[in-house]
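Everything below concerns the one structure shown next.
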Amino acid sequence: MVNAKQKSVERRKLILNGDIFKTILIVCLPLAIYQLFNSVSTLIDQIICADISTEASNAVASIAQLKNTISAFGGGLAAGGAVLVARYFGAGDIKMAKKSSGNLLVMSIILSIIIIAIFIPLAKPIMKICQISDVAIEIGYTYFVLQLFELAIVSLNNVFIGLEKAKGNSKIILYLNVGVILIKLGLTCLFVYGCHFDDIFWVEVATIIAQASLLGIGIFYMFRKANILQVTPSTFKISKVIIKDILFLSIPIFFGKFIMNLGKVTVNALCGLFYNVSTDSLIVGALGISNNISGVVTGMTSTLEDSESSIVSQNLGNGNLKRTIKFFIRIVIIAAIVAVVGYILTRFIFLDELVNLFNSNDDKGAYYTNMIKEIYVYDSLSIPALGICSAVLGLLYGYGKTFLATILNFSRIGVRILSIVIIHYALPEVSGPTCAGISMGISNGTILLLSLIFFAIFFISLKKHGYHGMHLADNVTTIKALRFEEETEEK
């Protein structure tokens, strides 16, 4: 018990006072590795579905963006709650950190019930509105309904993951989630190749079993005494102040994630509306697979966003204003390096090999893979753009400047939708995949420029006005971290 709490104290000490590069390595690297495994497992799922048929692969990829949009509810709530918990934890106020954790869990349970109650009855109409083809709906309807149950479970898992991020405990997240991925892939291969179940229904059954396993472990970790932020029945007592603070941070984060994914769904729907004829009915799925390929890299850089927000929030709670900017500068450099290397690898070196993995070798396979490649040529521009954007968003979320972050995401999607409409009507000779890809390229270039502008606005304001009485010109060393360590050792 003492050892586990002492580890949390040591991580807090590292985040508040330790070497910055070492902190980023210890806190962010495990999450980046986990996300890499997660993205690769998503691609493997897609490849397995391609072995079933091109239509099965298209159905899974078409539904993926819709699922990601709905997942923004739970993801936004957990991210905002984790920022609040991290701030209390960084300030050494363990009592309020525990209360915030308990209230966050209660809110997540309620949200999970709402997701199931609202979206399952509306599953088929939503799929039709999103211009998912009739064949894909026929193949994927039950699969999508099961995914809604999965999202309810994932919403609770996000709370556990968010609380561990708030403490900087990223290793446990890596270990457990890699375990989940192995369970998921193992069961998927068993169902599809061992039992020869040629239905994507069983792919989702494997995912639910894996996520349920993580939920069981997460409940154990959150409630165990060795957890310095142990959730107990007393922490479930609703506090209007805490609920208000969580919502204040979560709602803009939710809107940011929701709008970003809704924008992808909208672009997919527009492509389905504009080009949903003959083999072009596969375009929505091709867009999804293109996003999954770029997600291998952008997924890693996006983990910097959540990790950075927790690190920044803890340091703000401890009064380390200058240190937050130092973290940001180094994270931007790391994100840029990872993004550029990933862009070169996926766009210029391994693109053909990656795209051919999704060839089902049926009458539509070759056309489908060519469509994916045509889109990805432009979509890959998202990799360097989103790497920088994630670093900026992590800083803004950590400071609670979620409104700015939401405007940033709104701007990106607005440009993407506007560009695809203009290109479609102004250049009717441009093919559907090229039109979709170009719109992505334009919007991703725009988000890079806007990210830099928003950071400049934020930094100028911070330098001029400070933050909650703290200023970058101050040269004050806080002693909260030391006092917290001494109190913990005494206990």
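Every chain in the structure tokens has a letter given in the order shown (A, B, ...), and although residue numbers restart at 1 in each chain, ligands are simply numbered from 1 in the order shown.
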Self-check item: Contacts of Lys326 in chain A within 12 Å, only C-alpha atoms, excl. fewer than 2 positions in-chain, as a PyMOL selection string
Solution: chain A and resi 16+19-21+23-24+308+311-312+315+320-324+328-333+395+472
Using C-alpha atoms, can you write the selected residues to a file as a PDB file, in the first residue's frame?
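File written: out28.pdb
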ATOM      1  CA  LEU A  16       6.707  19.324 -10.651  1.00  0.00           C
ATOM      2  CA  ASP A  19      14.069  16.947 -15.558  1.00  0.00           C
ATOM      3  CA  ILE A  20      11.565  17.952 -18.244  1.00  0.00           C
ATOM      4  CA  PHE A  21      12.706  15.568 -20.983  1.00  0.00           C
ATOM      5  CA  THR A  23       9.293  13.580 -17.347  1.00  0.00           C
ATOM      6  CA  ILE A  24       7.974  13.614 -20.910  1.00  0.00           C
ATOM      7  CA  GLU A 308       0.517  17.446 -21.648  1.00  0.00           C
ATOM      8  CA  ILE A 311       1.364  17.776 -16.707  1.00  0.00           C
ATOM      9  CA  VAL A 312       0.464  21.434 -17.287  1.00  0.00           C
ATOM     10  CA  ASN A 315       2.261  22.413 -12.497  1.00  0.00           C
ATOM     11  CA  ASN A 320       4.981  26.485 -11.710  1.00  0.00           C
ATOM     12  CA  LEU A 321       3.884  28.812 -14.517  1.00  0.00           C
ATOM     13  CA  LYS A 322       7.203  29.042 -16.387  1.00  0.00           C
ATOM     14  CA  ARG A 323       7.604  25.281 -16.293  1.00  0.00           C
ATOM     15  CA  THR A 324       4.387  24.763 -18.265  1.00  0.00           C
ATOM     16  CA  PHE A 328       5.103  22.917 -24.214  1.00  0.00           C
ATOM     17  CA  ILE A 329       8.207  23.885 -26.211  1.00  0.00           C
ATOM     18  CA  ARG A 330       9.776  20.459 -25.790  1.00  0.00           C
ATOM     19  CA  ILE A 331       6.537  18.632 -26.569  1.00  0.00           C
ATOM     20  CA  VAL A 332       6.103  20.660 -29.779  1.00  0.00           C
ATOM     21  CA  ILE A 333       9.607  19.652 -30.861  1.00  0.00           C
ATOM     22  CA  LEU A 395      -1.442  23.419 -23.411  1.00  0.00           C
ATOM     23  CA  LEU A 472       6.005  34.530 -16.302  1.00  0.00           C
TER      24      LEU A 472
END
Quiz prompt | Surrounding residues of Gly168 in chain A excluding itself and chain neighbours under 6 positions, 8 Å, only C-alpha atoms, as a list in words | solution =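 Close residues of Gly168 in chain A: Ser8, Arg11, Arg12, Ile15, Val27, Ser307, Ser310 and Ile311 of chain A.
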Go ahead and save the picked residues with N, CA, C and O atoms, as a compact mmCIF listing (two decimals), in the first residue's frame.
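For reference, out-v7.txt as written:
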# COMPACT_ATOMS: atom_id res chain seq x y z
N SER A 8 3.23 7.23 -6.52
CA SER A 8 2.46 8.39 -6.99
C SER A 8 3.13 9.69 -6.56
O SER A 8 3.16 10.67 -7.30
N ARG A 11 6.18 10.28 -8.79
CA ARG A 11 5.80 10.78 -10.11
C ARG A 11 5.41 12.25 -10.03
O ARG A 11 5.74 13.05 -10.92
N ARG A 12 4.70 12.60 -8.98
CA ARG A 12 4.30 14.00 -8.80
C ARG A 12 5.54 14.88 -8.63
O ARG A 12 5.63 15.98 -9.20
N ILE A 15 7.12 15.36 -12.05
CA ILE A 15 6.35 16.27 -12.90
C ILE A 15 6.54 17.73 -12.46
O ILE A 15 6.63 18.63 -13.30
N VAL A 27 6.21 9.89 -18.72
CA VAL A 27 4.75 10.06 -18.72
C VAL A 27 4.15 9.84 -20.10
O VAL A 27 3.11 9.18 -20.24
N SER A 307 -1.60 13.86 -22.17
CA SER A 307 -0.50 13.83 -21.20
C SER A 307 -0.05 15.24 -20.85
O SER A 307 0.17 15.56 -19.67
N SER A 310 -2.41 17.09 -18.45
CA SER A 310 -2.26 16.68 -17.05
C SER A 310 -0.99 17.26 -16.44
O SER A 310 -0.99 17.74 -15.30
N ILE A 311 0.09 17.23 -17.20
CA ILE A 311 1.36 17.78 -16.71
C ILE A 311 1.23 19.28 -16.45
O ILE A 311 1.65 19.79 -15.41
Exercise. Between CA of Val40 in chain A and CA of Ile219 in chain A, measure the distance and give it in Å to one decimal.
Key: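 It comes out at 26.7 Å.
For the choices A:Ser290, A:Phe403, A:Tyr88, A:Val60, the atom-to-atom distance to Ala136 in chain A is smallest for A:Val60 when using only C-alpha atoms.
Relative to CA of Thr406 in chain A, CA of Asp306 in chain A is found at 15.2 Å.
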Exercise. Give the answer as one residue: which of A:Ile420, A:Ala59, A:Met300, A:Ile161 has the shortest atom-to-atom distance to Leu29 in chain A, using only C-alpha atoms?
Key: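 Using only C-alpha atoms, Leu29 in chain A sits closest to A:Met300.
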Fewer than 5 positions away in the same chain doesn't count, so skip those; otherwise give me all residues within 9 Å of Ser62 in chain A, counting only C-alpha atoms, as a tab-separated table (two decimals) with N, CA and C atoms, in the first residue's frame.
chain	number	residue	atom	x	y	z
A	57	SER	N	-15.24	-4.88	-45.16
A	57	SER	CA	-14.22	-3.88	-44.82
A	57	SER	C	-14.79	-2.48	-44.93
A	132	ILE	N	-24.23	6.17	-45.14
A	132	ILE	CA	-23.62	4.85	-45.21
A	132	ILE	C	-24.46	4.02	-46.17
A	133	SER	N	-23.81	3.33	-47.08
A	133	SER	CA	-24.53	2.62	-48.14
A	133	SER	C	-25.46	1.56	-47.57
A	136	ALA	N	-23.71	-1.62	-46.69
A	136	ALA	CA	-22.95	-1.49	-45.45
A	136	ALA	C	-23.87	-1.51	-44.23
A	265	VAL	N	-17.41	12.77	-40.21
A	265	VAL	CA	-18.64	12.08	-40.60
A	265	VAL	C	-19.39	12.88	-41.67
A	268	ASN	N	-17.65	12.54	-44.92
A	268	ASN	CA	-17.97	11.21	-45.44
A	268	ASN	C	-19.38	11.18	-46.04
A	282	LEU	N	-18.21	2.86	-52.21
A	282	LEU	CA	-17.17	2.44	-51.27
A	282	LEU	C	-16.37	3.62	-50.73
A	283	ILE	N	-16.65	4.83	-51.19
A	283	ILE	CA	-15.80	5.97	-50.86
A	283	ILE	C	-15.80	6.28	-49.36
A	284	VAL	N	-16.95	6.09	-48.70
A	284	VAL	CA	-17.01	6.38	-47.26
A	284	VAL	C	-16.07	5.46	-46.49
A	285	GLY	N	-16.06	4.19	-46.85
A	285	GLY	CA	-15.16	3.24	-46.20
A	285	GLY	C	-13.71	3.54	-46.51
A	286	ALA	N	-13.44	3.95	-47.79
A	286	ALA	CA	-12.06	4.30	-48.17
A	286	ALA	C	-11.55	5.48	-47.37
A	287	LEU	N	-12.41	6.45	-47.13
A	287	LEU	CA	-12.04	7.59	-46.28
A	287	LEU	C	-11.69	7.13	-44.87
A	288	GLY	N	-12.48	6.19	-44.35
A	288	GLY	CA	-12.23	5.68	-43.00
A	288	GLY	C	-10.90	4.96	-42.89
A	289	ILE	N	-10.58	4.14	-43.89
A	289	ILE	CA	-9.31	3.42	-43.87
A	289	ILE	C	-8.14	4.38	-44.01
Exercise. Find, counting only C-alpha atoms, the residue in A:Phe191, A:Phe358, A:Phe73, A:Phe274 that gets nearest to Ile47 in chain A.
Key: A:Phe358
Self-check item: Proximity to Thr303 in chain A - best of A:Leu14, A:Ala391, A:Ala269, A:Met107, only C-alpha atoms
Solution: A:Ala391
Quiz item: Neighbours of Tyr221 in chain A within 12 Å (only C-alpha atoms; same-chain residues fewer than 4 positions away dropped), as a PyMOL selection string?
Solution: chain A and resi 1+4+157+159-161+163-164+172-173+176+214-217+225-232
Quiz prompt | All residues 9 Å or closer to range 464-467 of chain A, only C-alpha atoms, same chain fewer than 6 positions away omitted, as a PyMOL selection string | solution = chain A and resi 316+321+399+473
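Closest approach to Gly81 in chain A from the set A:Gly162, A:Pro121, A:Pro433, A:Gly256 is made by A:Gly162, with distances taken over only C-alpha atoms.
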Quiz item: Could you pull the residues within 10 Å of range 127-130 of chain A, counting only C-alpha atoms, minus those fewer than 6 positions along the same chain, as a PyMOL selection string?
Solution: chain A and resi 62-63+65-66+136-137+140-141+144+262+265-273+284
